[in-house]
file model_8.txt (compact mmCIF, C-alpha atoms and all ligand atoms)
# COMPACT_ATOMS: atom_id res chain seq x y z
CA MET E 1 -102.92 -176.57 -0.97
CA SER E 2 -105.47 -179.35 -1.34
CA THR E 3 -106.15 -181.60 1.66
CA VAL E 4 -104.98 -185.19 1.74
CA VAL E 5 -107.79 -187.76 1.58
CA ARG E 6 -106.71 -191.20 2.75
CA LYS E 7 -107.89 -194.46 1.24
CA ALA E 8 -106.98 -197.66 3.07
CA GLY E 9 -103.90 -199.28 1.60
CA VAL E 10 -103.11 -196.39 -0.76
CA GLU E 11 -99.66 -194.88 -0.48
CA PRO E 12 -98.39 -192.30 -1.27
CA ALA E 13 -101.11 -190.10 0.20
CA VAL E 14 -103.32 -188.43 -2.37
CA THR E 15 -104.80 -184.94 -2.21
CA ALA E 16 -108.45 -184.21 -2.94
CA ALA E 17 -107.43 -182.32 -6.07
CA ARG E 18 -105.45 -185.30 -7.34
CA TRP E 19 -108.31 -187.77 -6.80
CA LEU E 20 -110.49 -185.47 -8.89
CA GLU E 21 -107.76 -185.18 -11.52
CA MET E 22 -107.73 -188.98 -11.81
CA TYR E 23 -111.49 -188.99 -12.26
CA ALA E 24 -111.24 -186.29 -14.94
CA GLN E 25 -108.56 -188.27 -16.79
CA MET E 26 -110.70 -191.41 -16.80
CA VAL E 27 -113.67 -189.42 -18.09
CA GLN E 28 -111.44 -187.84 -20.74
CA ILE E 29 -110.32 -191.26 -22.01
CA ARG E 30 -113.88 -192.54 -22.16
CA ALA E 31 -115.15 -189.42 -23.96
CA PHE E 32 -112.24 -189.61 -26.41
CA GLU E 33 -112.93 -193.26 -27.22
CA GLU E 34 -116.68 -192.76 -27.61
CA LYS E 35 -115.94 -189.91 -30.03
CA VAL E 36 -113.57 -192.14 -31.99
CA ASN E 37 -116.32 -194.75 -32.20
CA ASP E 38 -118.75 -192.10 -33.50
CA LEU E 39 -116.25 -190.89 -36.10
CA TYR E 40 -115.61 -194.44 -37.29
CA THR E 41 -119.26 -195.53 -37.42
CA SER E 42 -120.19 -192.36 -39.34
CA ALA E 43 -117.47 -193.23 -41.89
CA ILE E 44 -115.53 -190.02 -41.12
CA MET E 45 -112.46 -191.74 -39.67
CA PRO E 46 -110.39 -193.95 -41.96
CA GLY E 47 -108.66 -197.14 -40.84
CA LEU E 48 -109.37 -198.91 -37.57
CA ALA E 49 -109.07 -198.24 -33.86
CA HIS E 50 -109.04 -200.52 -30.82
CA LEU E 51 -110.94 -198.76 -28.06
CA TYR E 52 -109.82 -198.61 -24.43
CA THR E 53 -113.31 -198.01 -22.97
CA GLY E 54 -113.69 -200.00 -19.74
CA GLN E 55 -109.95 -200.14 -19.00
CA GLU E 56 -109.49 -196.48 -18.00
CA ALA E 57 -108.48 -197.15 -14.39
CA VAL E 58 -105.40 -199.07 -15.51
CA ALA E 59 -103.79 -196.35 -17.64
CA VAL E 60 -104.68 -193.61 -15.16
CA GLY E 61 -103.68 -195.51 -12.02
CA VAL E 62 -100.32 -196.50 -13.49
CA CYS E 63 -99.46 -193.14 -15.10
CA GLN E 64 -100.35 -191.30 -11.89
CA ALA E 65 -97.51 -193.26 -10.27
CA LEU E 66 -95.03 -191.94 -12.85
CA ARG E 67 -93.01 -188.78 -13.43
CA ARG E 68 -93.57 -186.90 -16.66
CA ASP E 69 -90.14 -187.96 -17.92
CA ASP E 70 -90.70 -191.65 -17.12
CA TYR E 71 -91.19 -193.83 -20.18
CA VAL E 72 -94.23 -195.77 -21.30
CA THR E 73 -94.66 -198.09 -24.24
CA SER E 74 -98.08 -198.92 -25.51
CA THR E 75 -100.04 -201.31 -27.72
CA HIS E 76 -102.58 -201.38 -30.54
CA ARG E 77 -105.11 -200.34 -27.83
CA GLY E 78 -103.11 -197.30 -26.87
CA HIS E 79 -105.26 -194.14 -26.72
CA GLY E 80 -105.78 -194.42 -22.96
CA HIS E 81 -102.06 -194.73 -22.29
CA CYS E 82 -101.30 -191.66 -24.42
CA LEU E 83 -103.93 -189.50 -22.72
CA ALA E 84 -103.07 -190.65 -19.20
CA LYS E 85 -99.42 -189.78 -19.86
CA GLY E 86 -100.43 -186.28 -21.00
CA ALA E 87 -100.86 -186.34 -24.78
CA SER E 88 -103.08 -183.67 -26.30
CA PRO E 89 -106.44 -184.91 -27.62
CA ASP E 90 -106.46 -182.49 -30.56
CA ARG E 91 -103.19 -183.88 -31.96
CA MET E 92 -104.43 -187.43 -31.33
CA PHE E 93 -107.68 -186.84 -33.21
CA ALA E 94 -105.65 -185.18 -35.97
CA GLU E 95 -103.50 -188.31 -36.24
CA LEU E 96 -106.55 -190.57 -36.41
CA LEU E 97 -108.03 -188.42 -39.16
CA GLY E 98 -104.80 -188.32 -41.20
CA LYS E 99 -104.17 -184.61 -40.64
CA GLU E 100 -100.85 -182.80 -40.67
CA ALA E 101 -101.26 -181.63 -37.04
CA GLY E 102 -101.25 -185.25 -35.86
CA TYR E 103 -98.48 -186.82 -33.79
CA CYS E 104 -97.05 -188.52 -36.91
CA ALA E 105 -98.20 -185.78 -39.32
CA GLY E 106 -101.19 -187.97 -40.09
CA LYS E 107 -99.16 -190.85 -41.50
CA GLY E 108 -99.28 -193.26 -38.57
CA GLY E 109 -102.85 -193.45 -37.36
CA SER E 110 -104.16 -194.99 -34.15
CA MET E 111 -101.49 -197.66 -33.72
CA HIS E 112 -98.43 -195.45 -34.17
CA ILE E 113 -98.99 -192.51 -31.84
CA ALA E 114 -95.84 -191.58 -29.92
CA ASP E 115 -95.24 -188.48 -27.80
CA PRO E 116 -91.62 -188.09 -26.65
CA ASP E 117 -92.50 -184.91 -24.70
CA THR E 118 -94.47 -187.01 -22.24
CA GLY E 119 -92.12 -190.01 -22.27
CA ASN E 120 -94.45 -192.01 -24.53
CA LEU E 121 -92.26 -194.16 -26.79
CA GLY E 122 -95.22 -195.21 -28.83
CA ALA E 123 -98.07 -197.49 -29.60
CA ASN E 124 -97.20 -200.75 -31.33
CA ALA E 125 -99.24 -202.89 -33.70
CA ILE E 126 -97.09 -205.96 -33.03
CA VAL E 127 -98.42 -207.90 -30.05
CA GLY E 128 -95.56 -208.01 -27.53
CA GLY E 129 -93.49 -205.73 -29.76
CA SER E 130 -93.09 -202.99 -27.18
CA THR E 131 -91.64 -205.25 -24.49
CA GLY E 132 -88.13 -205.00 -25.93
CA ILE E 133 -88.45 -201.25 -26.43
CA ALA E 134 -89.54 -200.65 -22.82
CA THR E 135 -86.74 -202.84 -21.51
CA GLY E 136 -84.19 -201.06 -23.70
CA ALA E 137 -85.45 -197.71 -22.41
CA ALA E 138 -85.02 -198.99 -18.84
CA PHE E 139 -81.48 -200.05 -19.70
CA SER E 140 -80.71 -196.56 -21.03
CA ALA E 141 -82.15 -194.98 -17.86
CA ARG E 142 -79.94 -197.21 -15.72
CA TRP E 143 -76.83 -196.60 -17.84
CA LEU E 144 -77.32 -192.83 -17.98
CA LYS E 145 -78.42 -192.67 -14.31
CA THR E 146 -81.44 -190.53 -15.16
CA GLY E 147 -83.61 -192.08 -12.45
CA ARG E 148 -86.32 -192.75 -15.01
CA VAL E 149 -88.60 -195.77 -14.85
CA SER E 150 -90.04 -197.49 -17.90
CA VAL E 151 -93.56 -198.96 -18.01
CA CYS E 152 -94.52 -201.54 -20.60
CA PHE E 153 -98.29 -201.85 -21.11
CA PHE E 154 -99.43 -205.02 -22.88
CA GLY E 155 -102.53 -207.18 -23.23
CA GLU E 156 -102.59 -210.74 -21.94
CA GLY E 157 -102.27 -211.88 -25.57
CA ALA E 158 -98.60 -210.86 -25.39
CA LEU E 159 -98.05 -213.60 -22.80
CA GLY E 160 -97.78 -215.88 -25.84
CA GLN E 161 -94.80 -213.99 -27.24
CA GLY E 162 -91.35 -215.34 -26.42
CA VAL E 163 -89.71 -211.92 -26.38
CA LEU E 164 -91.54 -211.10 -23.13
CA TYR E 165 -89.66 -213.91 -21.35
CA GLU E 166 -86.31 -212.90 -22.85
CA VAL E 167 -86.69 -209.33 -21.60
CA MET E 168 -88.04 -210.25 -18.15
CA ASN E 169 -85.01 -212.50 -17.74
CA ILE E 170 -82.47 -209.82 -18.62
CA ALA E 171 -84.38 -207.10 -16.72
CA GLN E 172 -84.17 -209.17 -13.55
CA LEU E 173 -80.52 -210.12 -14.09
CA TRP E 174 -79.57 -206.48 -14.60
CA SER E 175 -82.05 -204.95 -12.09
CA LEU E 176 -83.55 -202.73 -14.76
CA PRO E 177 -86.18 -200.13 -13.74
CA VAL E 178 -89.02 -201.54 -15.84
CA ILE E 179 -92.59 -202.48 -14.88
CA TYR E 180 -94.48 -204.92 -17.10
CA VAL E 181 -98.17 -204.02 -16.86
CA CYS E 182 -100.37 -206.85 -18.13
CA GLU E 183 -103.92 -205.68 -18.85
CA ASN E 184 -105.97 -208.84 -18.78
CA ASN E 185 -109.17 -207.70 -20.50
CA GLN E 186 -110.12 -211.38 -20.77
CA TYR E 187 -109.94 -211.75 -24.57
CA ASN E 188 -107.13 -212.14 -27.12
CA GLU E 189 -109.11 -210.79 -30.06
CA TYR E 190 -112.04 -213.28 -30.13
CA THR E 191 -110.64 -215.97 -27.85
CA HIS E 192 -111.01 -216.10 -24.08
CA PHE E 193 -107.56 -215.96 -22.50
CA THR E 194 -108.07 -219.25 -20.65
CA GLU E 195 -108.03 -221.03 -24.02
CA THR E 196 -104.54 -219.70 -24.78
CA THR E 197 -102.86 -219.19 -21.41
CA ALA E 198 -101.76 -222.12 -19.25
CA GLY E 199 -101.20 -221.88 -15.52
CA ASP E 200 -101.12 -218.83 -13.32
CA ILE E 201 -100.05 -215.63 -15.09
CA LEU E 202 -98.12 -214.27 -12.11
CA ALA E 203 -96.16 -217.54 -11.86
CA ARG E 204 -94.51 -216.56 -15.14
CA ALA E 205 -93.09 -213.39 -13.56
CA ALA E 206 -92.25 -215.32 -10.40
CA ALA E 207 -90.13 -217.74 -12.41
CA PHE E 208 -87.69 -214.90 -13.10
CA GLY E 209 -87.93 -213.47 -9.58
CA LEU E 210 -89.75 -210.25 -10.51
CA ALA E 211 -91.68 -208.38 -7.84
CA ARG E 212 -95.32 -208.89 -8.75
CA GLU E 213 -98.82 -207.82 -7.83
CA ARG E 214 -102.33 -208.64 -9.02
CA VAL E 215 -105.00 -205.93 -8.76
CA ASP E 216 -108.61 -205.26 -9.66
CA GLY E 217 -108.05 -203.13 -12.75
CA GLN E 218 -111.46 -201.50 -12.31
CA GLU E 219 -110.29 -199.80 -9.08
CA VAL E 220 -108.08 -196.86 -9.89
CA ALA E 221 -106.88 -196.45 -6.31
CA ALA E 222 -105.75 -200.09 -6.17
CA VAL E 223 -103.92 -199.78 -9.47
CA PHE E 224 -102.27 -196.54 -8.36
CA ALA E 225 -101.15 -198.02 -5.02
CA ALA E 226 -99.67 -201.18 -6.57
CA ALA E 227 -98.02 -199.28 -9.42
CA SER E 228 -96.52 -196.80 -6.93
CA ARG E 229 -94.97 -199.63 -4.92
CA LEU E 230 -93.43 -201.28 -7.97
CA VAL E 231 -92.30 -198.01 -9.56
CA GLU E 232 -90.62 -196.70 -6.41
CA ARG E 233 -88.69 -199.91 -5.74
CA ALA E 234 -87.60 -200.01 -9.39
CA ARG E 235 -86.49 -196.36 -9.17
CA GLN E 236 -84.41 -197.19 -6.08
CA GLY E 237 -82.57 -199.88 -8.05
CA ALA E 238 -84.40 -202.91 -6.62
CA GLY E 239 -85.28 -204.24 -10.06
CA PRO E 240 -88.24 -204.85 -12.34
CA GLY E 241 -91.87 -205.52 -11.48
CA PHE E 242 -94.93 -207.15 -13.00
CA LEU E 243 -98.42 -205.75 -12.43
CA LEU E 244 -101.39 -207.87 -13.47
CA CYS E 245 -104.60 -205.84 -13.84
CA GLU E 246 -107.91 -207.68 -14.27
CA THR E 247 -110.09 -205.58 -16.55
CA TYR E 248 -112.55 -205.66 -19.47
CA ARG E 249 -112.95 -203.93 -22.80
CA TYR E 250 -116.50 -202.76 -23.40
CA HIS E 251 -116.40 -202.50 -27.18
CA GLY E 252 -115.31 -205.08 -29.70
CA HIS E 253 -111.70 -205.99 -30.37
CA HIS E 254 -111.74 -203.05 -32.78
CA VAL E 255 -114.42 -200.57 -33.80
CA GLY E 256 -115.66 -202.86 -36.58
CA ASP E 257 -116.23 -205.84 -34.24
CA ILE E 258 -119.94 -205.28 -33.72
CA SER E 259 -121.44 -208.80 -33.48
CA ARG E 260 -119.71 -210.47 -30.57
CA SER E 261 -122.22 -213.09 -29.43
CA TYR E 262 -120.19 -215.93 -30.97
CA TYR E 263 -117.37 -215.31 -28.48
CA ARG E 264 -118.92 -213.54 -25.48
CA SER E 265 -122.44 -213.01 -24.17
CA LYS E 266 -124.42 -209.79 -23.85
CA GLU E 267 -125.06 -210.73 -20.22
CA GLU E 268 -121.34 -210.78 -19.51
CA GLU E 269 -120.83 -207.39 -21.17
CA GLN E 270 -123.76 -205.91 -19.25
CA ASP E 271 -122.53 -207.34 -15.97
CA TRP E 272 -119.11 -205.65 -16.25
CA ALA E 273 -120.65 -202.34 -17.33
CA ALA E 274 -123.35 -202.34 -14.65
CA ASN E 275 -121.39 -203.70 -11.72
CA ARG E 276 -117.69 -203.08 -12.32
CA ASP E 277 -117.50 -199.84 -14.24
CA PRO E 278 -114.33 -198.04 -13.12
CA ILE E 279 -115.71 -194.52 -13.54
CA ALA E 280 -119.02 -195.21 -11.81
CA ARG E 281 -117.27 -196.96 -8.91
CA PHE E 282 -114.74 -194.18 -8.49
CA GLY E 283 -117.51 -191.57 -8.68
CA ASP E 284 -119.39 -193.38 -5.90
CA TRP E 285 -116.28 -193.33 -3.74
CA LEU E 286 -115.62 -189.62 -4.40
CA ARG E 287 -119.21 -188.84 -3.41
CA GLY E 288 -118.97 -191.02 -0.31
CA GLN E 289 -115.88 -189.11 0.79
CA GLY E 290 -117.63 -185.80 0.24
CA LEU E 291 -115.06 -184.81 -2.39
CA ALA E 292 -117.75 -183.99 -4.93
CA ASP E 293 -121.51 -184.32 -5.14
CA ALA E 294 -123.41 -185.77 -8.08
CA ALA E 295 -123.93 -182.32 -9.61
CA ALA E 296 -120.22 -181.46 -9.46
CA LEU E 297 -119.25 -184.77 -11.07
CA GLY E 298 -121.89 -184.21 -13.74
CA GLU E 299 -120.46 -180.76 -14.48
CA LEU E 300 -116.96 -182.19 -14.65
CA ARG E 301 -118.09 -184.86 -17.14
CA ALA E 302 -119.87 -182.23 -19.25
CA ARG E 303 -116.79 -179.96 -19.28
CA VAL E 304 -114.40 -182.77 -20.23
CA THR E 305 -116.77 -184.05 -22.92
CA ALA E 306 -117.05 -180.52 -24.38
CA GLU E 307 -113.23 -180.31 -24.48
CA ILE E 308 -113.09 -183.62 -26.35
CA ASP E 309 -115.75 -182.44 -28.82
CA ALA E 310 -113.71 -179.25 -29.41
CA ALA E 311 -110.53 -181.29 -29.94
CA ALA E 312 -112.29 -183.49 -32.51
CA GLN E 313 -113.65 -180.40 -34.26
CA PHE E 314 -110.15 -178.92 -34.40
CA ALA E 315 -108.93 -182.08 -36.11
CA LEU E 316 -111.87 -182.24 -38.50
CA ASN E 317 -111.14 -178.65 -39.62
CA ALA E 318 -107.35 -179.15 -39.81
CA PRO E 319 -105.58 -179.51 -43.19
CA TYR E 320 -104.26 -182.76 -44.63
CA PRO E 321 -100.50 -182.94 -45.20
CA ASP E 322 -99.27 -181.72 -48.55
CA PRO E 323 -98.89 -184.64 -51.01
CA SER E 324 -95.22 -183.64 -51.45
CA GLN E 325 -94.67 -184.85 -47.83
CA VAL E 326 -95.81 -188.39 -48.47
CA GLU E 327 -92.36 -189.98 -48.17
CA ARG E 328 -91.01 -187.70 -45.44
CA HIS E 329 -90.40 -189.47 -42.09
CA VAL E 330 -91.46 -192.79 -43.59
CA TYR E 331 -88.97 -195.63 -43.16
CA ALA E 332 -89.06 -199.15 -44.49
C1 LIG E 401 -97.22 -210.60 -33.49
C2 LIG E 401 -98.67 -210.41 -33.77
N1 LIG E 401 -99.48 -211.48 -33.92
C3 LIG E 401 -100.79 -211.30 -34.16
C4 LIG E 401 -101.32 -210.04 -34.28
C5 LIG E 401 -102.81 -209.86 -34.55
N2 LIG E 401 -103.45 -209.38 -33.32
C6 LIG E 401 -103.74 -208.08 -33.15
S1 LIG E 401 -104.39 -207.78 -31.63
C7 LIG E 401 -104.32 -209.41 -31.21
C8 LIG E 401 -104.80 -209.90 -29.85
C9 LIG E 401 -104.29 -209.06 -28.79
O1 LIG E 401 -104.80 -209.46 -27.55
P1 LIG E 401 -104.20 -208.80 -26.26
O2 LIG E 401 -102.72 -208.78 -26.35
O3 LIG E 401 -104.80 -209.50 -25.11
O4 LIG E 401 -104.67 -207.29 -26.32
P2 LIG E 401 -106.13 -206.69 -26.36
O5 LIG E 401 -106.51 -206.61 -27.81
O6 LIG E 401 -107.00 -207.62 -25.59
O7 LIG E 401 -106.01 -205.35 -25.76
C10 LIG E 401 -103.77 -210.16 -32.23
C11 LIG E 401 -103.57 -211.62 -32.17
C12 LIG E 401 -100.44 -208.95 -34.14
N3 LIG E 401 -100.88 -207.69 -34.23
N4 LIG E 401 -99.13 -209.14 -33.85
call {"tool": "encode", "arguments": {"input": "model_8.txt", "output": "structure tokens"}}
result
Amino acid sequence: MSTVVRKAGVEPAVTAARWLEMYAQMVQIRAFEEKVNDLYTSAIMPGLAHLYTGQEAVAVGVCQALRRDDYVTSTHRGHGHCLAKGASPDRMFAELLGKEAGYCAGKGGSMHIADPDTGNLGANAIVGGSTGIATGAAFSARWLKTGRVSVCFFGEGALGQGVLYEVMNIAQLWSLPVIYVCENNQYNEYTHFTETTAGDILARAAAFGLARERVDGQEVAAVFAAASRLVERARQGAGPGFLLCETYRYHGHHVGDISRSYYRSKEEEQDWAANRDPIARFGDWLRGQGLADAAALGELRARVTAEIDAAAQFALNAPYPDPSQVERHVYA
């Protein structure tokens, strides 16, 4: 059994093996997204993708607080949520490349990946669209007494969608086991959130009486601790929660958003990457605790990156669906 390694303010206690698993998951998400970017910029991947690079600590910290059968709903920027909840990278790459082995047999693409085996009810291209789904899943968990909790990931852009306030209202009234996780990566597409969002974000959750926390989304341990508190109280029947994570996306709004100087500066991008990178920070902490030295972390990164390369290669070699299947599982 792996030894417990305490970090101030982090409950439940975490073993050394689990800290390293969190690091590996964050590295996996980053390697996956960088590979997606390569595939897109080399014109191998069709369509678009919204990369999660920079936000890894949020998905991993939250999903580490969940059971495998707990639900998550995701967004257009959903690859990190899928991987953190346990999706397989080869089937994800296959989906992005339109191959039959993909999660939607290649017909959905980046913004429609769902994985019921890991409780993932799906990405969603409609901003705020998953809030109702997550709340409905929490209602079903309550009604069926399954003990499951539902997590709704969304960007701060969804704060402008009325449905979020309808579902927070009913979730609080009915004590539903749902956690609304707002990933404030600072920009709604090409607009800084302060130009679209009045007042204090947490005050919106407070208005309905939800339990709420604000964390540094670049610190996986802080995200994990706050998510664990909200998830456990929700599981006990104490009602919904709202977790605000301050974070940053490193790439453009989507892979094609290359020239960004008209809405954010290079200096700002470099500052987040150099001084607030979630993987670098976590690696420093792991080394400081003596959980791994630089060489061991380097080997881990190389192993995970090789696994991602192999998953992409699997998908590149995989067959396309037969044209006769074009209308199967497609609903309008
Ligand atoms: C209902 C709706 N309106 C507009 C869009 C177009 N759109 C796609 S992403 C986006 C901004 C999303 O910002 P945010 O929710 O903060 O997520 P982020 O992209 O920062 O992860 C918009 C307006 C959409 N997909 N759905």
call {"tool": "residues_near_ligand", "arguments": {"input": "model_8.txt", "ligand": "ligand LIG 401 (chain E)", "cutoff": "6 Å", "atoms": "only C-alpha atoms and all ligand atoms", "output": "list in words"}}
result
Arg77, Ala125, Ile126, Val127, Gly155, Glu156, Gly157, Ala158, Asn185, Tyr187, Asn188, Glu189 and His253 of chain E
call {"tool": "residues_around", "arguments": {"input": "model_8.txt", "residues": "Asp322 (chain E)", "least_positions_apart": "5", "cutoff": "12 Å", "atoms": "all atoms listed in the file", "output": "list in words"}}
result
Gly98, Lys99, Glu100, Ala101, Ala105, Gly106, Lys107, Glu327 and Arg328 of chain E
call {"tool": "closest_atom_pairs", "arguments": {"input": "model_8.txt", "of": "region 147-212 of chain E", "to": "region 79-87 of chain E", "cutoff": "12 Å", "atoms": "all atoms listed in the file", "output": "Markdown table"}}
result
| residue | atom | partner | partner_atom | distance |
| --- | --- | --- | --- | --- |
| E:Val151 | CA | E:His81 | CA | 10.4 |
| E:Cys152 | CA | E:His81 | CA | 10.3 |
| E:Phe153 | CA | E:His81 | CA | 8.1 |
| E:Phe154 | CA | E:His81 | CA | 10.6 |
| E:Val181 | CA | E:His81 | CA | 11.4 |
| E:Glu183 | CA | E:His81 | CA | 11.6 |
call {"tool": "atom_distance", "arguments": {"input": "model_8.txt", "atom1": "CA of Ala273 (chain E)", "atom2": "CA of Tyr248 (chain E)"}}
result
9.0 Å
call {"tool": "closest_residue", "arguments": {"input": "model_8.txt", "among": "E:Pro319, E:Gly217, E:Gly122, E:Gly47", "to": "Gly256 (chain E)", "atoms": "only C-alpha atoms"}}
result
E:Gly47
call {"tool": "atom_distance", "arguments": {"input": "model_8.txt", "atom1": "CA of Val149 (chain E)", "atom2": "CA of Ala171 (chain E)"}}
result
12.2 Å
call {"tool": "atom_distance", "arguments": {"input": "model_8.txt", "atom1": "CA of Asp277 (chain E)", "atom2": "CA of Leu243 (chain E)"}}
result
20.1 Å
call {"tool": "residues_around", "arguments": {"input": "model_8.txt", "residues": "region 291-302 of chain E", "least_positions_apart": "4", "cutoff": "8 Å", "atoms": "all atoms listed in the file", "output": "PyMOL selection string"}}
result
chain E and resi 16+20+24+27+283+286-287+306
call {"tool": "residues_around", "arguments": {"input": "model_8.txt", "residues": "Arg281 (chain E)", "least_positions_apart": "5", "cutoff": "9 Å", "atoms": "all atoms listed in the file", "output": "PyMOL selection string"}}
result
chain E and resi 218-219+275-276+286
call {"tool": "closest_residue", "arguments": {"input": "model_8.txt", "among": "E:Leu121, E:Val326, E:Gly241, E:Ala141", "to": "Met168 (chain E)", "atoms": "only C-alpha atoms"}}
result
E:Gly241
call {"tool": "closest_residue", "arguments": {"input": "model_8.txt", "among": "E:Thr247, E:Thr305, E:Gln236, E:Ser130", "to": "Pro278 (chain E)", "atoms": "all atoms listed in the file"}}
result
E:Thr247
call {"tool": "residues_around", "arguments": {"input": "model_8.txt", "residues": "Tyr165 (chain E)", "least_positions_apart": "4", "cutoff": "12 Å", "atoms": "all atoms listed in the file", "output": "VMD selection string"}}
result
chain E and resid 128 131 to 132 135 158 to 161 169 to 172 180 204 to 210 242
call {"tool": "write_last_selection", "arguments": {"input": "model_8.txt", "atoms": "C-alpha atoms", "output": "JSON list (two decimals), in the frame of the given file"}}
result
[["chain", "number", "residue", "atom", "x", "y", "z"],
["E", 128, "GLY", "CA", -95.56, -208.01, -27.53],
["E", 131, "THR", "CA", -91.64, -205.25, -24.49],
["E", 132, "GLY", "CA", -88.13, -205.00, -25.93],
["E", 135, "THR", "CA", -86.74, -202.84, -21.51],
["E", 158, "ALA", "CA", -98.60, -210.86, -25.39],
["E", 159, "LEU", "CA", -98.05, -213.60, -22.80],
["E", 160, "GLY", "CA", -97.78, -215.88, -25.84],
["E", 161, "GLN", "CA", -94.80, -213.99, -27.24],
["E", 169, "ASN", "CA", -85.01, -212.50, -17.74],
["E", 170, "ILE", "CA", -82.47, -209.82, -18.62],
["E", 171, "ALA", "CA", -84.38, -207.10, -16.72],
["E", 172, "GLN", "CA", -84.17, -209.17, -13.55],
["E", 180, "TYR", "CA", -94.48, -204.92, -17.10],
["E", 204, "ARG", "CA", -94.51, -216.56, -15.14],
["E", 205, "ALA", "CA", -93.09, -213.39, -13.56],
["E", 206, "ALA", "CA", -92.25, -215.32, -10.40],
["E", 207, "ALA", "CA", -90.13, -217.74, -12.41],
["E", 208, "PHE", "CA", -87.69, -214.90, -13.10],
["E", 209, "GLY", "CA", -87.93, -213.47, -9.58],
["E", 210, "LEU", "CA", -89.75, -210.25, -10.51],
["E", 242, "PHE", "CA", -94.93, -207.15, -13.00]]
call {"tool": "residues_around", "arguments": {"input": "model_8.txt", "residues": "Phe224 (chain E)", "least_positions_apart": "3", "cutoff": "8 Å", "atoms": "all atoms listed in the file", "output": "list of chain:residue names"}}
result
E:Val10, E:Val60, E:Gly61, E:Val62, E:Gln64, E:Ala65, E:Val220, E:Ala221, E:Ala227, E:Ser228
call {"tool": "axis_aligned_box", "arguments": {"input": "model_8.txt", "around": "region 183-199 of chain E", "padding_each_side": "3 Å", "output": "AutoDock Vina command-line options"}}
result
--center_x -106.6 --center_y -213.9 --center_z -22.8 --size_x 16.8 --size_y 22.4 --size_z 20.6
call {"tool": "closest_residue", "arguments": {"input": "model_8.txt", "among": "E:Met92, E:Gly9, E:Tyr263, E:His112", "to": "Thr191 (chain E)", "atoms": "all atoms listed in the file"}}
result
E:Tyr263
call {"tool": "residues_near_point", "arguments": {"input": "model_8.txt", "point": "(-122.3, -187.8, -29.0)", "cutoff": "12 Å", "atoms": "all atoms listed in the file", "output": "ChimeraX atom specification"}}
result
/E:30-39,41-42,302,305-306,308-309,312
call {"tool": "write_last_selection", "arguments": {"input": "model_8.txt", "atoms": "C-alpha atoms", "output": "tab-separated table (two decimals), in the coordinates of the input"}}
result
chain	number	residue	atom	x	y	z
E	30	ARG	CA	-113.88	-192.54	-22.16
E	31	ALA	CA	-115.15	-189.42	-23.96
E	32	PHE	CA	-112.24	-189.61	-26.41
E	33	GLU	CA	-112.93	-193.26	-27.22
E	34	GLU	CA	-116.68	-192.76	-27.61
E	35	LYS	CA	-115.94	-189.91	-30.03
E	36	VAL	CA	-113.57	-192.14	-31.99
E	37	ASN	CA	-116.32	-194.75	-32.20
E	38	ASP	CA	-118.75	-192.10	-33.50
E	39	LEU	CA	-116.25	-190.89	-36.10
E	41	THR	CA	-119.26	-195.53	-37.42
E	42	SER	CA	-120.19	-192.36	-39.34
E	302	ALA	CA	-119.87	-182.23	-19.25
E	305	THR	CA	-116.77	-184.05	-22.92
E	306	ALA	CA	-117.05	-180.52	-24.38
E	308	ILE	CA	-113.09	-183.62	-26.35
E	309	ASP	CA	-115.75	-182.44	-28.82
E	312	ALA	CA	-112.29	-183.49	-32.51
call {"tool": "closest_residue", "arguments": {"input": "model_8.txt", "among": "E:Gln186, E:Ser261, E:Thr194, E:Gln289", "to": "Gly54 (chain E)", "atoms": "only C-alpha atoms"}}
result
E:Gln186
call {"tool": "build_atoms", "arguments": {"input": "model_8.txt", "residues": "region 255-260 of chain E", "atoms": "N, CA, C and O atoms", "output": "PDB file, in the coordinates of the input"}}
result
ATOM      1  N   VAL E 255    -113.135-201.243 -33.610  1.00  0.00           N
ATOM      2  CA  VAL E 255    -114.420-200.570 -33.800  1.00  0.00           C
ATOM      3  C   VAL E 255    -115.361-201.308 -34.758  1.00  0.00           C
ATOM      4  O   VAL E 255    -116.586-201.136 -34.689  1.00  0.00           O
ATOM      5  N   GLY E 256    -114.810-202.141 -35.630  1.00  0.00           N
ATOM      6  CA  GLY E 256    -115.660-202.860 -36.580  1.00  0.00           C
ATOM      7  C   GLY E 256    -116.215-204.174 -36.030  1.00  0.00           C
ATOM      8  O   GLY E 256    -117.039-204.819 -36.679  1.00  0.00           O
ATOM      9  N   ASP E 257    -115.805-204.564 -34.828  1.00  0.00           N
ATOM     10  CA  ASP E 257    -116.230-205.840 -34.240  1.00  0.00           C
ATOM     11  C   ASP E 257    -117.554-205.610 -33.490  1.00  0.00           C
ATOM     12  O   ASP E 257    -117.586-205.393 -32.282  1.00  0.00           O
ATOM     13  N   ILE E 258    -118.631-205.665 -34.259  1.00  0.00           N
ATOM     14  CA  ILE E 258    -119.940-205.280 -33.720  1.00  0.00           C
ATOM     15  C   ILE E 258    -120.700-206.498 -33.165  1.00  0.00           C
ATOM     16  O   ILE E 258    -121.292-206.424 -32.100  1.00  0.00           O
ATOM     17  N   SER E 259    -120.672-207.611 -33.907  1.00  0.00           N
ATOM     18  CA  SER E 259    -121.440-208.800 -33.480  1.00  0.00           C
ATOM     19  C   SER E 259    -120.522-209.730 -32.712  1.00  0.00           C
ATOM     20  O   SER E 259    -119.696-210.412 -33.293  1.00  0.00           O
ATOM     21  N   ARG E 260    -120.688-209.762 -31.411  1.00  0.00           N
ATOM     22  CA  ARG E 260    -119.710-210.470 -30.570  1.00  0.00           C
ATOM     23  C   ARG E 260    -120.277-211.728 -29.908  1.00  0.00           C
ATOM     24  O   ARG E 260    -119.584-212.398 -29.165  1.00  0.00           O
TER      25      ARG E 260
END
